[in-house]
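Okay, structure first, notes after.
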Amino acid sequence: MADPLFHPGLTRYLDGLVPARPPELVAMEAEAERTGFPIIGPSAGHFCYLVARLIGARSVFEMGSGFGYSTAWFARAVRENGGGAVYHTVWDEKLSRRAREHLAALGLSELVTFRVGEAVAALRETAGLFDLVFNDIDKDGYVTSLPVIKSRLRRGGVLIVDNVLWSGRIFDKSDTSSNTEGIREFTRRVISDGDWAVSIVPIRDGLLVAQLMSPSA
Ligand SMILES: C[S@@+](CC[C@H](N)C(=O)[O-])C[C@H]1O[C@@H](n2cnc3c(N)ncnc32)[C@H](O)[C@@H]1O
C-alpha cells in the first residue's frame, strides 16, 4: 500500500521489527503483495496479536477476513491464551476456501470457525459475547456495524477497526465518498459514546482500538 501519511521508511521499519513468523504467514504476505490484496500486514497483525494476548482473548469475531491473514494472528494469540474460538467471516466463498487452506497449513484450523456471508449479519446471528471484535469490512458498512458490535462484546472487551486513517483521505474535506464518510461517522460515534475508551494507533493505515467499559468506570 502507498504510505503517504508517514515517512516512507516507517512501515518497512516497523514490519522489520516484527518477530520471525511461520513460513506460511510470510507466504501469505507474499500472496497479498503479488495479487494486490489488502491485508493488514506484519506490524498491524502483530499489534492485533499483542492486544489479544494482553486481554487474554479466548473468543474473537473477525469481520471481513479475506484469505485469513489477520485471522492467523488472532488464532495464534487465542492458542497461546489457552485456546478458544476465532470466527472468520467473508462473503466470498473462494476467499473462505483459501483461508481454510492457509489456517490448516498453520495448524490453526481447530480454533477457527468459517462463515461465508455478510459479516454484520453473521455477527448478529452468532450467539454469545466476544472478548475481541476486529472490523475490516467495506468502510461504508462501518456505521451500521457499530451497534451490532457493541451488543456482542463483553464489558472490558476490545474492538479493533482497520483503515481509520484511510491513507489520509480522512483529512481531505473534498472527499465525501461513502467509504470516507463512513469511517468519519463511525469514528465520531465511537468517540462520543462514553461507554468506549478509544484511541487511534497510527500503524499502517490507522487502527482504532476501543475498550467497552463497565458501567461503573
Ligand atoms: C480488507 S479485506 C480483509 C483483509 C483481512 N482482514 C486481512 O488483513 O487479512 C476485506 C475483505 O472482506 C470482504 N468484505 C467487505 N465487506 C464485507 C462484509 N460486509 N461482509 C463480508 N465480507 C466483507 C471483502 O470483499 C474482502 O475480501
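Letters A, B, ... go to the chains of the C-alpha cells in the order shown; residues in each chain start at 1; ligands are counted from 1 in the same order.
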When you look at Gly156 (chain A) with a cut-off of 8 Å (counting only C-alpha atoms), what residues show up, excluding the ones that are within fewer than 6 positions of it in the same chain? I need them as a PDB file with N, CA and C atoms, in the first residue's frame.
ATOM      1  N   ASP A 131     -14.656 -11.571  23.392  1.00  0.00           N
ATOM      2  CA  ASP A 131     -13.613 -10.795  24.070  1.00  0.00           C
ATOM      3  C   ASP A 131     -13.073  -9.711  23.152  1.00  0.00           C
ATOM      4  N   GLN A 211     -12.045   0.047  24.049  1.00  0.00           N
ATOM      5  CA  GLN A 211     -12.467  -0.931  25.060  1.00  0.00           C
ATOM      6  C   GLN A 211     -13.859  -0.555  25.567  1.00  0.00           C
ATOM      7  N   LEU A 212     -14.736  -1.535  25.644  1.00  0.00           N
ATOM      8  CA  LEU A 212     -16.095  -1.314  26.145  1.00  0.00           C
ATOM      9  C   LEU A 212     -16.036  -1.328  27.667  1.00  0.00           C
ATOM     10  N   MET A 213     -16.258  -0.167  28.255  1.00  0.00           N
ATOM     11  CA  MET A 213     -16.044  -0.005  29.689  1.00  0.00           C
ATOM     12  C   MET A 213     -17.222  -0.545  30.500  1.00  0.00           C
ATOM     13  N   SER A 214     -16.939  -0.938  31.746  1.00  0.00           N
ATOM     14  CA  SER A 214     -18.031  -1.376  32.623  1.00  0.00           C
ATOM     15  C   SER A 214     -18.829  -0.147  33.028  1.00  0.00           C
TER      16      SER A 214
END
Item to complete: Give the strand (DSSP E) residues of region 146-214 of chain A, as assigned by DSSP on the backbone, as a ChimeraX atom specification.
Response: /A:153-162,196-201,207-212
Worksheet entry | Secondary structure check, alpha helix (DSSP H) residues of region 5-215 of chain A, as a PyMOL selection string | chain A and resi 10-17+23-35+41-54+69-80+93-105+119-125+142-152+178-192
Could you write out that same residue set with C-alpha atoms as a short mmCIF file (atom, residue, chain, number, x, y, z; two decimals), in the first residue's frame?
data_model
loop_
_atom_site.label_atom_id
_atom_site.label_comp_id
_atom_site.auth_asym_id
_atom_site.auth_seq_id
_atom_site.Cartn_x
_atom_site.Cartn_y
_atom_site.Cartn_z
CA LEU A 10 8.19 3.81 8.58
CA THR A 11 6.06 0.82 7.62
CA ARG A 12 9.11 -1.03 6.32
CA TYR A 13 10.94 -0.28 9.59
CA LEU A 14 8.02 -1.39 11.80
CA ASP A 15 7.44 -4.52 9.70
CA GLY A 16 11.13 -5.32 10.10
CA LEU A 17 10.77 -5.31 13.89
CA PRO A 23 6.80 -19.54 6.62
CA GLU A 24 3.07 -19.88 5.77
CA LEU A 25 2.37 -16.43 7.22
CA VAL A 26 5.27 -14.99 5.23
CA ALA A 27 3.89 -16.76 2.12
CA MET A 28 0.51 -15.08 2.76
CA GLU A 29 2.23 -11.70 2.85
CA ALA A 30 3.86 -12.52 -0.49
CA GLU A 31 0.48 -13.64 -1.90
CA ALA A 32 -1.08 -10.31 -0.86
CA GLU A 33 1.79 -8.40 -2.46
CA ARG A 34 1.54 -10.42 -5.68
CA THR A 35 -2.25 -10.15 -6.01
CA GLY A 41 0.41 -6.64 7.11
CA PRO A 42 3.03 -7.68 9.68
CA SER A 43 3.20 -4.69 12.07
CA ALA A 44 -0.61 -4.25 12.33
CA GLY A 45 -1.03 -8.04 12.51
CA HIS A 46 1.47 -8.26 15.33
CA PHE A 47 -0.22 -5.36 17.13
CA CYS A 48 -3.58 -7.18 16.91
CA TYR A 49 -1.90 -10.31 18.26
CA LEU A 50 -0.44 -8.28 21.14
CA VAL A 51 -3.81 -6.73 22.10
CA ALA A 52 -5.44 -10.18 22.02
CA ARG A 53 -2.67 -11.53 24.26
CA LEU A 54 -2.89 -8.54 26.64
CA TYR A 69 -4.02 -13.39 7.26
CA SER A 70 -5.41 -11.31 10.16
CA THR A 71 -7.30 -14.41 11.33
CA ALA A 72 -3.98 -16.23 11.69
CA TRP A 73 -2.61 -13.53 14.02
CA PHE A 74 -5.72 -13.73 16.25
CA ALA A 75 -5.74 -17.53 16.21
CA ARG A 76 -2.09 -17.61 17.30
CA ALA A 77 -2.94 -15.30 20.23
CA VAL A 78 -6.01 -17.33 21.24
CA ARG A 79 -4.00 -20.56 21.14
CA GLU A 80 -1.35 -19.00 23.40
CA GLU A 93 -16.65 -18.44 -0.96
CA LYS A 94 -13.31 -18.60 -2.79
CA LEU A 95 -11.54 -16.44 -0.17
CA SER A 96 -13.05 -18.53 2.61
CA ARG A 97 -11.72 -21.70 0.96
CA ARG A 98 -8.29 -20.15 0.58
CA ALA A 99 -8.35 -19.12 4.26
CA ARG A 100 -9.19 -22.70 5.28
CA GLU A 101 -6.13 -23.91 3.38
CA HIS A 102 -3.82 -21.33 4.97
CA LEU A 103 -5.12 -21.87 8.50
CA ALA A 104 -4.74 -25.64 8.05
CA ALA A 105 -1.14 -25.20 6.89
CA ALA A 119 -20.20 -10.08 8.33
CA VAL A 120 -22.55 -7.78 10.28
CA ALA A 121 -25.44 -10.21 9.77
CA ALA A 122 -23.16 -13.10 10.76
CA LEU A 123 -22.16 -11.34 13.99
CA ARG A 124 -25.81 -10.52 14.76
CA GLU A 125 -26.74 -14.18 14.29
CA TYR A 142 -18.79 0.64 9.45
CA VAL A 143 -21.59 2.81 10.91
CA THR A 144 -24.24 0.08 10.67
CA SER A 145 -21.85 -2.41 12.24
CA LEU A 146 -21.29 -0.39 15.45
CA PRO A 147 -24.48 -1.18 17.46
CA VAL A 148 -24.20 -4.85 16.49
CA ILE A 149 -20.58 -4.98 17.64
CA LYS A 150 -21.46 -3.23 20.90
CA SER A 151 -24.17 -5.78 21.62
CA ARG A 152 -21.79 -8.69 21.02
CA SER A 178 -19.40 6.85 1.11
CA ASN A 179 -16.35 4.96 2.37
CA THR A 180 -14.57 8.05 3.70
CA GLU A 181 -17.76 9.45 5.24
CA GLY A 182 -18.44 6.00 6.72
CA ILE A 183 -15.10 5.99 8.55
CA ARG A 184 -15.55 9.61 9.71
CA GLU A 185 -19.03 9.00 11.11
CA PHE A 186 -18.03 5.69 12.69
CA THR A 187 -15.06 7.35 14.44
CA ARG A 188 -17.25 10.24 15.66
CA ARG A 189 -19.83 7.84 17.07
CA VAL A 190 -17.37 5.64 18.97
CA ILE A 191 -15.52 8.63 20.40
CA SER A 192 -18.67 10.45 21.50
#
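The two atoms in question, CA of Ile55 (chain A) and CA of Ile160 (chain A), are spaced 12.6 Å apart.
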Worksheet item: How would you write, as a list in words, the set of residues no farther than 7 Å from ligand 1 when counting only C-alpha atoms and all ligand atoms?
Response: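 Within the 7 Å cut-off, the matching residues are Pro38, Ile39, Ile40, Gly41, Met63, Gly64, Ser65, Gly66, Phe67, Gly68, Tyr69, Ser70, Thr71, Thr89, Val90, Trp91, Asp92, Leu95, Gly117, Glu118, Ala119, Val120, Asp136, Ile137, Asp138 and Gly141 of chain A.
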Suppose we keep C-alpha atoms; can you now write the selection as an mmCIF file, in the first residue's frame?
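Final output, out-v2.cif:
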data_model
loop_
_atom_site.group_PDB
_atom_site.id
_atom_site.type_symbol
_atom_site.label_atom_id
_atom_site.label_comp_id
_atom_site.auth_asym_id
_atom_site.auth_seq_id
_atom_site.Cartn_x
_atom_site.Cartn_y
_atom_site.Cartn_z
ATOM 1 C CA PRO A 38 -5.260 -5.572 1.129
ATOM 2 C CA ILE A 39 -4.128 -7.484 4.237
ATOM 3 C CA ILE A 40 -3.254 -5.669 7.460
ATOM 4 C CA GLY A 41 0.407 -6.645 7.105
ATOM 5 C CA MET A 63 -15.456 -9.140 10.215
ATOM 6 C CA GLY A 64 -14.102 -9.016 6.663
ATOM 7 C CA SER A 65 -11.447 -11.697 6.944
ATOM 8 C CA GLY A 66 -10.121 -12.081 3.387
ATOM 9 C CA PHE A 67 -7.880 -15.109 2.902
ATOM 10 C CA GLY A 68 -7.172 -15.429 6.606
ATOM 11 C CA TYR A 69 -4.023 -13.391 7.263
ATOM 12 C CA SER A 70 -5.407 -11.313 10.160
ATOM 13 C CA THR A 71 -7.301 -14.415 11.330
ATOM 14 C CA THR A 89 -16.287 -14.113 8.051
ATOM 15 C CA VAL A 90 -16.161 -13.105 4.435
ATOM 16 C CA TRP A 91 -18.829 -13.082 1.751
ATOM 17 C CA ASP A 92 -16.643 -14.606 -0.940
ATOM 18 C CA LEU A 95 -11.539 -16.445 -0.175
ATOM 19 C CA GLY A 117 -21.765 -14.303 4.206
ATOM 20 C CA GLU A 118 -22.247 -10.692 5.189
ATOM 21 C CA ALA A 119 -20.200 -10.078 8.325
ATOM 22 C CA VAL A 120 -22.554 -7.778 10.282
ATOM 23 C CA ASP A 136 -12.199 -4.731 8.381
ATOM 24 C CA ILE A 137 -15.352 -4.765 6.210
ATOM 25 C CA ASP A 138 -16.181 -2.279 3.443
ATOM 26 C CA GLY A 141 -20.660 -0.509 6.335
#
